[in-house]
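This is start.cif (mmCIF, C-alpha atoms).
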```cif
data_input
#
loop_
_atom_site.group_PDB
_atom_site.id
_atom_site.type_symbol
_atom_site.label_atom_id
_atom_site.label_comp_id
_atom_site.auth_asym_id
_atom_site.auth_seq_id
_atom_site.Cartn_x
_atom_site.Cartn_y
_atom_site.Cartn_z
ATOM 1 C CA MET M 7 -18.422 34.546 35.977
ATOM 2 C CA LYS M 8 -14.928 35.974 35.960
ATOM 3 C CA SER M 9 -14.024 33.941 39.036
ATOM 4 C CA SER M 10 -15.296 30.735 37.385
ATOM 5 C CA GLN M 11 -13.215 31.345 34.267
ATOM 6 C CA LYS M 12 -10.144 32.156 36.336
ATOM 7 C CA ASN M 13 -10.358 28.838 38.221
ATOM 8 C CA LYS M 14 -10.439 26.717 35.087
ATOM 9 C CA GLN M 15 -7.343 24.636 34.446
ATOM 10 C CA ILE M 16 -5.457 24.083 31.198
ATOM 11 C CA ILE M 17 -4.340 21.036 29.223
ATOM 12 C CA LEU M 18 -0.615 20.557 28.702
ATOM 13 C CA SER M 19 0.421 19.065 25.353
ATOM 14 C CA ALA M 20 3.708 17.164 25.491
ATOM 15 C CA SER M 21 4.114 17.439 22.561
ATOM 16 C CA ARG M 22 3.111 17.872 18.933
ATOM 17 C CA ARG M 23 6.569 19.307 18.199
ATOM 18 C CA THR M 24 8.821 16.518 19.450
ATOM 19 C CA ASP M 25 8.762 13.192 21.301
ATOM 20 C CA ILE M 26 9.087 14.090 24.978
ATOM 21 C CA PRO M 27 8.302 10.598 26.407
ATOM 22 C CA ALA M 28 11.068 9.081 24.264
ATOM 23 C CA PHE M 29 13.814 11.700 24.670
ATOM 24 C CA TYR M 30 13.105 14.506 27.134
ATOM 25 C CA MET M 31 11.400 13.184 30.286
ATOM 26 C CA ASP M 32 14.193 14.447 32.570
ATOM 27 C CA TRP M 33 13.675 17.962 31.229
ATOM 28 C CA PHE M 34 9.899 17.555 31.494
ATOM 29 C CA MET M 35 9.987 16.411 35.120
ATOM 30 C CA SER M 36 12.337 19.275 35.975
ATOM 31 C CA GLY M 37 9.742 21.719 34.656
ATOM 32 C CA LEU M 38 7.003 20.128 36.747
ATOM 33 C CA GLN M 39 9.171 20.286 39.851
ATOM 34 C CA LYS M 40 9.820 23.992 39.229
ATOM 35 C CA GLY M 41 6.093 24.494 38.583
ATOM 36 C CA LEU M 42 6.600 26.138 35.195
ATOM 37 C CA PHE M 43 8.062 25.785 31.727
ATOM 38 C CA ASN M 44 10.122 28.459 29.988
ATOM 39 C CA ILE M 45 9.606 27.874 26.283
ATOM 40 C CA HIS M 46 9.971 29.681 22.973
ATOM 41 C CA HIS M 47 7.177 30.351 20.530
ATOM 42 C CA PRO M 48 7.782 27.939 17.607
ATOM 43 C CA PHE M 49 7.835 30.703 14.988
ATOM 44 C CA HIS M 50 8.799 34.121 16.364
ATOM 45 C CA ARG M 51 10.845 32.515 19.205
ATOM 46 C CA LYS M 52 9.652 34.865 21.924
ATOM 47 C CA LYS M 53 9.959 33.416 25.408
ATOM 48 C CA MET M 54 6.801 32.317 27.206
ATOM 49 C CA ILE M 55 6.153 31.007 30.691
ATOM 50 C CA ILE M 56 3.584 28.223 31.127
ATOM 51 C CA PRO M 57 2.529 27.383 34.692
ATOM 52 C CA ALA M 58 2.783 23.668 35.429
ATOM 53 C CA THR M 59 1.561 22.960 38.950
ATOM 54 C CA PRO M 60 -1.327 20.527 39.536
ATOM 55 C CA GLU M 61 -3.444 23.564 40.432
ATOM 56 C CA HIS M 62 -2.930 24.962 36.930
ATOM 57 C CA ILE M 63 -2.757 21.748 34.877
ATOM 58 C CA HIS M 64 -5.856 19.602 34.500
ATOM 59 C CA SER M 65 -4.315 16.903 32.267
ATOM 60 C CA ILE M 66 -1.140 16.155 30.340
ATOM 61 C CA VAL M 67 -1.566 14.826 26.809
ATOM 62 C CA PHE M 68 1.498 12.846 25.729
ATOM 63 C CA TRP M 69 2.428 12.052 22.127
ATOM 64 C CA SER M 70 5.042 9.418 21.328
ATOM 65 C CA LYS M 71 6.276 6.594 19.101
ATOM 66 C CA ASN M 72 8.398 5.136 21.884
ATOM 67 C CA TYR M 73 7.086 4.959 25.445
ATOM 68 C CA GLY M 74 9.948 2.712 26.562
ATOM 69 C CA PRO M 75 11.818 5.406 28.551
ATOM 70 C CA PHE M 76 8.520 6.645 30.050
ATOM 71 C CA ILE M 77 7.591 3.155 31.231
ATOM 72 C CA GLN M 78 11.060 2.170 32.424
ATOM 73 C CA GLY M 79 11.398 5.428 34.358
ATOM 74 C CA GLY M 80 8.190 4.794 36.292
ATOM 75 C CA TYR M 81 6.849 8.171 35.219
ATOM 76 C CA ALA M 82 3.172 7.197 35.263
ATOM 77 C CA ASP M 83 3.275 6.469 39.002
ATOM 78 C CA ARG M 84 5.423 9.532 39.657
ATOM 79 C CA LEU M 85 3.015 11.840 37.816
ATOM 80 C CA GLN M 86 -0.003 10.368 39.569
ATOM 81 C CA SER M 87 1.625 10.809 42.965
ATOM 82 C CA MET M 88 2.268 14.470 42.079
ATOM 83 C CA GLY M 89 -1.430 14.987 41.295
ATOM 84 C CA TYR M 90 -1.389 15.027 37.474
ATOM 85 C CA HIS M 91 -3.823 13.337 35.087
ATOM 86 C CA PHE M 92 -2.748 12.086 31.669
ATOM 87 C CA TYR M 93 -3.848 10.951 28.232
ATOM 88 C CA PHE M 94 -1.681 9.170 25.666
ATOM 89 C CA HIS M 95 -1.316 9.165 21.890
ATOM 90 C CA PHE M 96 0.743 6.179 20.786
ATOM 91 C CA THR M 97 1.678 6.160 17.101
ATOM 92 C CA ILE M 98 2.340 2.594 15.973
ATOM 93 C CA ASN M 99 2.903 2.208 12.246
ATOM 94 C CA THR M 100 4.176 -0.572 10.024
ATOM 95 C CA PRO M 101 7.958 -0.937 10.486
ATOM 96 C CA SER M 102 9.941 0.880 7.824
ATOM 97 C CA GLU M 103 13.615 1.804 8.124
ATOM 98 C CA ILE M 104 13.312 4.515 5.516
ATOM 99 C CA LEU M 105 10.089 6.088 6.851
ATOM 100 C CA GLU M 106 10.841 5.778 10.584
ATOM 101 C CA PRO M 107 14.542 4.993 11.026
ATOM 102 C CA GLY M 108 14.707 5.841 14.737
ATOM 103 C CA VAL M 109 11.781 3.944 16.272
ATOM 104 C CA PRO M 110 12.072 0.630 18.149
ATOM 105 C CA SER M 111 10.958 -2.650 16.602
ATOM 106 C CA LEU M 112 7.249 -3.325 16.211
ATOM 107 C CA GLU M 113 7.443 -6.125 18.786
ATOM 108 C CA ASP M 114 8.994 -3.732 21.296
ATOM 109 C CA ARG M 115 6.346 -1.063 20.679
ATOM 110 C CA LEU M 116 3.481 -3.547 21.032
ATOM 111 C CA ASN M 117 4.951 -4.682 24.349
ATOM 112 C CA GLN M 118 5.132 -1.030 25.390
ATOM 113 C CA LEU M 119 1.457 -0.686 24.531
ATOM 114 C CA ARG M 120 0.585 -3.612 26.773
ATOM 115 C CA SER M 121 2.586 -2.105 29.633
ATOM 116 C CA LEU M 122 1.093 1.348 29.146
ATOM 117 C CA CYS M 123 -2.424 -0.082 29.288
ATOM 118 C CA SER M 124 -1.583 -1.820 32.559
ATOM 119 C CA LEU M 125 -0.236 1.426 34.009
ATOM 120 C CA ALA M 126 -2.858 3.910 32.842
ATOM 121 C CA GLY M 127 -5.845 1.995 31.494
ATOM 122 C CA PRO M 128 -6.852 1.578 27.820
ATOM 123 C CA GLU M 129 -9.572 4.239 28.016
ATOM 124 C CA VAL M 130 -6.955 7.038 28.107
ATOM 125 C CA ILE M 131 -4.844 5.662 25.237
ATOM 126 C CA ASN M 132 -5.334 6.389 21.532
ATOM 127 C CA TRP M 133 -3.715 4.250 18.868
ATOM 128 C CA ARG M 134 -2.561 6.399 15.960
ATOM 129 C CA PHE M 135 -1.781 4.777 12.620
ATOM 130 C CA ASP M 136 -0.543 7.826 10.792
ATOM 131 C CA PRO M 137 0.345 9.108 8.422
ATOM 132 C CA ILE M 138 -0.606 6.719 5.651
ATOM 133 C CA CYS M 139 2.060 7.021 2.944
ATOM 134 C CA ARG M 140 2.633 5.816 -0.581
ATOM 135 C CA TYR M 141 6.083 6.008 -2.078
ATOM 136 C CA GLN M 142 8.314 4.785 -4.860
ATOM 137 C CA THR M 143 11.725 3.322 -4.170
ATOM 138 C CA LEU M 144 14.003 0.473 -5.189
ATOM 139 C CA ASP M 145 12.869 -3.059 -4.394
ATOM 140 C CA HIS M 146 15.230 -5.876 -3.439
ATOM 141 C CA HIS M 147 15.962 -6.448 -7.117
ATOM 142 C CA GLY M 148 16.916 -2.823 -7.767
ATOM 143 C CA LYS M 149 13.681 -2.060 -9.625
ATOM 144 C CA LEU M 150 11.662 1.106 -8.907
ATOM 145 C CA THR M 151 8.469 -0.074 -7.232
ATOM 146 C CA ILE M 152 5.522 1.595 -5.507
ATOM 147 C CA PHE M 153 4.851 0.696 -1.864
ATOM 148 C CA ASP M 154 2.626 1.897 0.973
ATOM 149 C CA ASN M 155 2.783 1.421 4.742
ATOM 150 C CA LEU M 156 -0.579 -0.302 5.193
ATOM 151 C CA ASN M 157 0.619 -3.897 5.212
ATOM 152 C CA GLY M 158 1.074 -4.131 9.004
ATOM 153 C CA LEU M 159 -2.333 -2.778 10.012
ATOM 154 C CA ASP M 160 -3.918 -6.146 10.850
ATOM 155 C CA ASN M 161 -1.154 -7.251 13.153
ATOM 156 C CA ILE M 162 -1.180 -3.998 15.123
ATOM 157 C CA ALA M 163 -4.981 -3.784 15.282
ATOM 158 C CA ARG M 164 -5.165 -7.268 16.795
ATOM 159 C CA THR M 165 -2.902 -6.319 19.691
ATOM 160 C CA VAL M 166 -4.604 -2.947 20.163
ATOM 161 C CA SER M 167 -7.969 -4.719 20.455
ATOM 162 C CA ASP M 168 -6.607 -7.386 22.799
ATOM 163 C CA VAL M 169 -5.438 -4.774 25.335
ATOM 164 C CA GLY M 170 -8.834 -3.048 25.362
ATOM 165 C CA ILE M 171 -8.220 0.104 23.315
ATOM 166 C CA LYS M 172 -11.285 1.094 21.285
ATOM 167 C CA ARG M 173 -10.049 3.926 19.062
ATOM 168 C CA CYS M 174 -7.809 4.292 16.042
ATOM 169 C CA VAL M 175 -6.831 7.670 14.589
ATOM 170 C CA ILE M 176 -5.422 7.955 11.078
ATOM 171 C CA SER M 177 -4.377 10.641 8.637
ATOM 172 C CA PHE M 178 -2.817 10.766 5.194
ATOM 173 C CA MET M 179 0.627 12.273 4.704
ATOM 174 C CA ASP M 180 0.748 16.043 4.212
ATOM 175 C CA ASP M 181 3.290 17.656 1.928
ATOM 176 C CA TYR M 182 5.792 19.901 3.764
ATOM 177 C CA ARG M 183 8.759 21.845 2.419
ATOM 178 C CA LYS M 184 11.089 20.070 4.857
ATOM 179 C CA ILE M 185 10.214 16.752 3.226
ATOM 180 C CA HIS M 186 11.488 17.885 -0.173
ATOM 181 C CA THR M 187 14.789 18.956 1.416
ATOM 182 C CA ARG M 188 15.258 15.500 2.931
ATOM 183 C CA LEU M 189 14.380 13.709 -0.282
ATOM 184 C CA LYS M 190 17.275 15.415 -2.084
ATOM 185 C CA GLN M 191 19.504 13.155 0.013
ATOM 186 C CA LEU M 192 17.648 10.035 -1.124
ATOM 187 C CA PRO M 193 17.938 9.279 -4.822
ATOM 188 C CA TYR M 194 15.430 6.771 -6.169
ATOM 189 C CA PHE M 195 12.839 7.760 -3.559
ATOM 190 C CA GLN M 196 9.719 9.896 -3.848
ATOM 191 C CA PHE M 197 6.367 10.156 -2.099
ATOM 192 C CA ILE M 198 3.269 9.698 -4.251
ATOM 193 C CA LYS M 199 0.061 11.474 -3.301
ATOM 194 C CA PHE M 200 -3.265 9.692 -2.986
ATOM 195 C CA THR M 201 -6.268 11.167 -4.785
ATOM 196 C CA ILE M 202 -9.390 11.810 -2.708
ATOM 197 C CA LYS M 203 -11.041 8.866 -4.436
ATOM 198 C CA GLU M 204 -8.158 6.612 -3.426
ATOM 199 C CA GLN M 205 -8.259 7.942 0.136
ATOM 200 C CA VAL M 206 -11.973 7.152 0.380
ATOM 201 C CA GLU M 207 -11.431 3.606 -0.873
ATOM 202 C CA ILE M 208 -8.570 3.045 1.562
ATOM 203 C CA ILE M 209 -10.275 4.485 4.610
ATOM 204 C CA LEU M 210 -13.514 2.592 4.037
ATOM 205 C CA CYS M 211 -11.500 -0.603 3.762
ATOM 206 C CA ILE M 212 -9.712 0.257 7.016
ATOM 207 C CA GLU M 213 -13.020 1.033 8.713
ATOM 208 C CA ASN M 214 -14.407 -2.378 7.800
ATOM 209 C CA LYS M 215 -11.224 -4.125 8.901
ATOM 210 C CA LEU M 216 -11.137 -2.356 12.270
ATOM 211 C CA LYS M 217 -14.772 -3.236 12.928
ATOM 212 C CA GLU M 218 -13.628 -6.861 13.105
ATOM 213 C CA TYR M 219 -11.540 -5.863 16.103
ATOM 214 C CA GLY M 220 -14.148 -3.634 17.759
ATOM 215 C CA LEU M 221 -12.241 -0.453 16.928
ATOM 216 C CA GLN M 222 -13.839 2.889 16.022
ATOM 217 C CA LEU M 223 -12.026 4.842 13.301
ATOM 218 C CA PHE M 224 -11.324 8.571 13.517
ATOM 219 C CA VAL M 225 -9.420 10.907 11.196
ATOM 220 C CA CYS M 226 -7.165 13.821 12.103
ATOM 221 C CA CYS M 227 -7.432 17.046 10.078
ATOM 222 C CA GLU M 228 -9.011 15.379 7.028
ATOM 223 C CA LYS M 229 -12.040 17.596 6.357
ATOM 224 C CA ASP M 230 -12.108 17.038 2.573
ATOM 225 C CA LEU M 231 -11.914 13.293 3.077
ATOM 226 C CA LEU M 232 -14.754 13.300 5.613
ATOM 227 C CA ASN M 233 -16.925 15.314 3.232
ATOM 228 C CA ALA M 234 -16.284 12.751 0.493
ATOM 229 C CA LEU M 235 -17.317 9.734 2.584
ATOM 230 C CA PRO M 236 -20.729 8.087 2.077
ATOM 231 C CA GLN M 237 -23.339 8.739 4.740
ATOM 232 C CA THR M 238 -23.238 5.070 5.711
ATOM 233 C CA SER M 239 -19.718 5.482 7.081
ATOM 234 C CA GLY M 240 -19.245 5.856 10.829
ATOM 235 C CA ILE M 241 -15.844 7.534 10.559
ATOM 236 C CA LYS M 242 -15.594 10.755 12.585
ATOM 237 C CA ALA M 243 -13.272 13.730 13.014
ATOM 238 C CA ASN M 244 -10.924 13.275 15.954
ATOM 239 C CA SER M 245 -10.214 15.587 18.860
ATOM 240 C CA CYS M 246 -6.614 14.760 19.735
ATOM 241 C CA ILE M 247 -6.837 17.107 22.727
ATOM 242 C CA PRO M 248 -10.237 15.888 23.984
ATOM 243 C CA GLY M 249 -11.255 18.475 26.568
ATOM 244 C CA ASP M 250 -14.799 17.139 27.015
ATOM 245 C CA PHE M 251 -13.582 13.586 27.568
ATOM 246 C CA LEU M 252 -10.849 14.635 30.012
ATOM 247 C CA MET M 253 -13.280 16.657 32.099
ATOM 248 C CA LYS M 254 -15.799 13.819 32.116
ATOM 249 C CA HIS M 255 -13.168 11.213 32.946
ATOM 250 C CA TYR M 256 -11.212 13.126 35.587
ATOM 251 C CA GLY M 257 -13.705 15.757 36.755
ATOM 252 C CA GLY M 258 -12.690 19.368 37.333
ATOM 253 C CA GLN M 259 -13.150 22.416 35.128
ATOM 254 C CA LEU M 260 -11.576 23.034 31.733
ATOM 255 C CA THR M 261 -11.786 25.570 28.966
ATOM 256 C CA VAL M 262 -13.061 23.330 26.157
ATOM 257 C CA LYS M 263 -13.134 25.910 23.372
ATOM 258 C CA LYS M 264 -11.447 24.916 20.132
ATOM 259 C CA ASP M 265 -7.758 25.528 19.680
ATOM 260 C CA TYR M 266 -7.669 28.111 16.910
ATOM 261 C CA GLY M 267 -3.898 27.844 16.755
ATOM 262 C CA GLN M 268 -4.368 24.460 15.083
ATOM 263 C CA ARG M 269 -5.634 23.507 11.628
ATOM 264 C CA ILE M 270 -9.288 24.385 12.089
ATOM 265 C CA LYS M 271 -9.898 24.759 8.339
ATOM 266 C CA GLN M 272 -8.613 21.208 7.817
ATOM 267 C CA GLY M 273 -11.039 19.861 10.417
ATOM 268 C CA CYS M 274 -9.065 19.937 13.681
ATOM 269 C CA GLU M 275 -11.423 19.363 16.629
ATOM 270 C CA CYS M 276 -8.868 19.816 19.433
ATOM 271 C CA SER M 277 -9.654 21.682 22.604
ATOM 272 C CA ALA M 278 -7.291 24.498 23.568
ATOM 273 C CA SER M 279 -4.013 23.424 25.145
ATOM 274 C CA ARG M 280 -0.499 24.721 25.787
ATOM 275 C CA ASP M 281 2.259 22.866 23.959
ATOM 276 C CA ILE M 282 5.678 22.858 25.609
ATOM 277 C CA GLY M 283 7.790 21.192 22.913
ATOM 278 C CA ASP M 284 10.433 22.989 20.867
ATOM 279 C CA TYR M 285 11.537 22.092 17.338
ATOM 280 C CA VAL M 286 14.980 23.623 17.954
ATOM 281 C CA CYS M 287 15.808 22.889 21.586
ATOM 282 C CA HIS M 288 14.153 19.465 21.606
ATOM 283 C CA PRO M 289 14.684 17.937 18.160
ATOM 284 C CA CYS M 290 12.916 14.638 17.616
ATOM 285 C CA LEU M 291 15.532 11.958 17.021
ATOM 286 C CA HIS M 292 13.216 9.447 15.366
ATOM 287 C CA GLN M 293 14.054 11.204 12.069
ATOM 288 C CA CYS M 294 10.784 10.181 10.386
ATOM 289 C CA LEU M 295 11.010 11.023 6.719
ATOM 290 C CA TYR M 296 7.480 12.423 6.398
ATOM 291 C CA CYS M 297 7.369 14.509 9.594
ATOM 292 C CA TYR M 298 6.814 18.287 9.788
ATOM 293 C CA ALA M 299 8.726 18.376 13.092
ATOM 294 C CA ASN M 300 11.841 16.704 11.737
ATOM 295 C CA ASN M 301 14.714 19.183 11.525
ATOM 296 C CA VAL M 302 17.350 16.467 11.499
ATOM 297 C CA ARG M 303 19.044 15.358 8.308
ATOM 298 C CA VAL M 304 18.490 11.831 7.060
ATOM 299 C CA LYS M 305 20.903 9.374 8.677
ATOM 300 C CA SER M 306 23.955 8.913 6.505
ATOM 301 C CA GLY M 307 24.271 5.516 4.905
ATOM 302 C CA ILE M 308 20.557 4.704 4.817
ATOM 303 C CA THR M 309 19.494 3.280 1.489
ATOM 304 C CA PRO M 310 15.795 3.256 0.632
ATOM 305 C CA GLN M 311 14.401 -0.234 1.094
ATOM 306 C CA PRO M 312 10.935 -1.715 0.600
ATOM 307 C CA PRO M 313 8.938 -2.352 3.792
ATOM 308 C CA PRO M 314 9.195 -5.764 5.426
ATOM 309 C CA GLN M 315 6.397 -8.245 4.886
ATOM 310 C CA ILE M 316 4.431 -8.313 8.128
ATOM 311 C CA ARG M 317 2.654 -11.524 8.959
ATOM 312 C CA THR M 318 -0.958 -10.933 9.920
#
```
Spit out the file's structure as C-alpha cells when you get a sec.
Amino acid sequence: MKSSQKNKQIILSASRRTDIPAFYMDWFMSGLQKGLFNIHHPFHRKKMIIPATPEHIHSIVFWSKNYGPFIQGGYADRLQSMGYHFYFHFTINTPSEILEPGVPSLEDRLNQLRSLCSLAGPEVINWRFDPICRYQTLDHHGKLTIFDNLNGLDNIARTVSDVGIKRCVISFMDDYRKIHTRLKQLPYFQFIKFTIKEQVEIILCIENKLKEYGLQLFVCCEKDLLNALPQTSGIKANSCIPGDFLMKHYGGQLTVKKDYGQRIKQGCECSASRDIGDYVCHPCLHQCLYCYANNVRVKSGITPQPPPQIRT
C-alpha cells in the first residue's frame, strides 16, 4: 500500500496565481529542464521545492487568457517530446478595455483557440467565460449607465462549438479587497453585485443558449447558486483540476483526493495539485480589474468605457 501511494504522480497547476502561458514560459521551461521548481508559499512566503520531472508529474494544467506565446513558441510539441501531458483552461470573455485591459483582441484569442485545438485536441481544453460582471460607468454620452459583460457570449460559443469543445465553465465575480483599492483610481466606476435570484435567471438563460451549440455548462465555486437551481437544470459543479479525467485520458496513477487548500466550502471540486505561480515574482500583466491575482495598479490614462457591441 505504501509503495503504491509513493508511486503516484502529481498534477502541476500553471497557474491560478498568474498567466504563465502568456508571460513566463521561458521560466517554466527552465524549471522543467532542471527537474524542479523553487517557489514561495503565496502567504507566508516560505520556500518550497516541487519536483517537475515526467516521473513525478502526471499532467500540467495550464490557465491563460492569451495562449499566443505558448503556440508561437511551439511549447505543446516540446512538452510532449519531454514526456508531459497537459490540460488547458482558456478564459475568453467579452472584450472590455476597462475589465481586461491587457488581453489580445477577441479575434486573436478565437484564432488561438483554433490553433490550440489543432495542437492538443478539444477534449483537453475548457472554455471559461468568467467571471460574469455587472458594473456602472459612463456611457459614450457621459451618462452613468449599468452594463454587464454577457453581450459577447453567443459569438464566442459559436466558435467554441465549431472547434469541438464541449464544456463551458462560468462563475460570478467575487468581491476582493484588492478590487476596492483599484476602483479608487477609477472615478465613475463601480461593480454591482447580482442577487442569487438574478444569478439563477442568468445562468439558466446561459444554459439554454449553450445547449444550442452542444455545450455543457459548469460552474466554479458557486455552491449557493447550484443549491438555488431547479432540479430540471443540468448545470454541474466543475473540477478545474480534473484528476479522474486526466487519469482516464492519459492513464497512470494519480492522487485524486480533493484539494483542501482550495475553496471547498464554496463548492470547489478540484483534485489535489501543486501550483507553481507566484503573485509577487510573476505578476500577471493582463491587469484585469476584477482579479484576485492582480497586484498591478490600473494602467494610467484608462478611462472607463462601456463594452463594445459584439455582433452575434
Using the chain letters and numbers from the file, which residues does the PyMOL selection byres ((chain M and resi 51-64) around 6) grab, as an MDAnalysis selection string?
-> chainID M and resid 15:17 38 41:50 65 89:90
Restricting to only C-alpha atoms, whichever of M:Phe29, M:Tyr73, M:Phe92, M:Tyr296 is closest to Pro107 of chain M is M:Tyr296
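If you look at atom CA of Gly249 of chain M and atom CA of Lys217 of chain M, they are 25.9 Å away from each other.
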How many Å lie between atom CA of Tyr194 of chain M and atom CA of Asp181 of chain M, rounded to one decimal?
->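 Atom-to-atom, atom CA of Tyr194 of chain M to atom CA of Asp181 of chain M, that is 18.2 Å.
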Quick one: which residues end up in the PyMOL selection byres ((chain M and resi 235) around 12) for this structure, as an MDAnalysis selection string?
-> chainID M and resid 202:211 213 225 228:234 236:243
Please provide the set of residues having any atom within 8 Å of segment 108-117 of chain M, restricted to all atoms listed in the file, with same-chain residues fewer than 2 positions apart removed, written as number ranges by chain.
-> M: 71-74, 98, 100-101, 103, 106, 119-121, 162, 165, 291-294
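Shortest atom-to-atom contact with Cys274 of chain M among M:Ser177, M:Asn161, M:Ser245, M:Asn99: M:Ser245, counting all atoms listed in the file.
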Could you check which of M:Phe76, M:Cys123, M:Cys297, M:His288 is closest to Phe178 of chain M, using all atoms listed in the file?
->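 Smallest separation from Phe178 of chain M among the options: M:Cys297.
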Which residue gives the smallest distance to Asn155 of chain M among M:Leu105, M:Val175, M:Val130, M:Cys226, with all atoms listed in the file counted?
->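 Ranked by minimum distance to Asn155 of chain M, first place goes to M:Leu105.
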Tell me, in Å to one decimal, how far atom CA of Arg183 of chain M is from atom CA of Leu156 of chain M.
-> 24.2 Å
Name every residue that the PyMOL selection byres ((chain M and resi 132-148) around 7) selects in this structure, writing the answer as a JSON list (two decimals) with C-alpha atoms, keeping the file's coordinate frame with chains first and numbers rising.
```json
[["chain", "number", "residue", "atom", "x", "y", "z"],
["M", 94, "PHE", "CA", -1.68, 9.17, 25.67],
["M", 95, "HIS", "CA", -1.32, 9.16, 21.89],
["M", 96, "PHE", "CA", 0.74, 6.18, 20.79],
["M", 97, "THR", "CA", 1.68, 6.16, 17.10],
["M", 98, "ILE", "CA", 2.34, 2.59, 15.97],
["M", 99, "ASN", "CA", 2.90, 2.21, 12.25],
["M", 130, "VAL", "CA", -6.96, 7.04, 28.11],
["M", 131, "ILE", "CA", -4.84, 5.66, 25.24],
["M", 149, "LYS", "CA", 13.68, -2.06, -9.62],
["M", 150, "LEU", "CA", 11.66, 1.11, -8.91],
["M", 151, "THR", "CA", 8.47, -0.07, -7.23],
["M", 152, "ILE", "CA", 5.52, 1.60, -5.51],
["M", 153, "PHE", "CA", 4.85, 0.70, -1.86],
["M", 154, "ASP", "CA", 2.63, 1.90, 0.97],
["M", 155, "ASN", "CA", 2.78, 1.42, 4.74],
["M", 173, "ARG", "CA", -10.05, 3.93, 19.06],
["M", 174, "CYS", "CA", -7.81, 4.29, 16.04],
["M", 175, "VAL", "CA", -6.83, 7.67, 14.59],
["M", 176, "ILE", "CA", -5.42, 7.96, 11.08],
["M", 177, "SER", "CA", -4.38, 10.64, 8.64],
["M", 178, "PHE", "CA", -2.82, 10.77, 5.19],
["M", 179, "MET", "CA", 0.63, 12.27, 4.70],
["M", 194, "TYR", "CA", 15.43, 6.77, -6.17],
["M", 195, "PHE", "CA", 12.84, 7.76, -3.56],
["M", 196, "GLN", "CA", 9.72, 9.90, -3.85],
["M", 197, "PHE", "CA", 6.37, 10.16, -2.10],
["M", 198, "ILE", "CA", 3.27, 9.70, -4.25],
["M", 199, "LYS", "CA", 0.06, 11.47, -3.30],
["M", 310, "PRO", "CA", 15.80, 3.26, 0.63],
["M", 311, "GLN", "CA", 14.40, -0.23, 1.09],
["M", 312, "PRO", "CA", 10.94, -1.72, 0.60]]
```
Write out as a PyMOL selection string the residues lying within 8 Å of segment 263-271 of chain M, counting only C-alpha atoms and excluding same-chain residues fewer than 6 positions away.
-> chain M and resi 227+229+277-279
For Gly79 of chain M, work out the shell of residues within 12 Å, counting only C-alpha atoms and skipping chain neighbours fewer than 4 positions away, then give it as a PyMOL selection string.
-> chain M and resi 27-32+35+73-75+83-85
Closest of M:Lys184, M:Arg164, M:His255, M:Lys190 to Leu221 of chain M, counting all atoms listed in the file, is M:Arg164
Which residue of M:Pro289, M:Pro193, M:Ser87, M:Ser19 approaches Cys276 of chain M most closely, using all atoms listed in the file =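 Under the stated criterion, the closest residue is M:Ser19.
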Using the file's own x, y and z axes, what box holds all listed atoms of segment 283-286 of chain M with 4 Å on each side, keeping edges along x, y and z, and what are its centre and edge lengths in Å to one decimal, as lines of an AutoDock Vina configuration file?
```
center_x = 11.4
center_y = 22.4
center_z = 20.1
size_x = 15.2
size_y = 10.4
size_z = 13.6
```
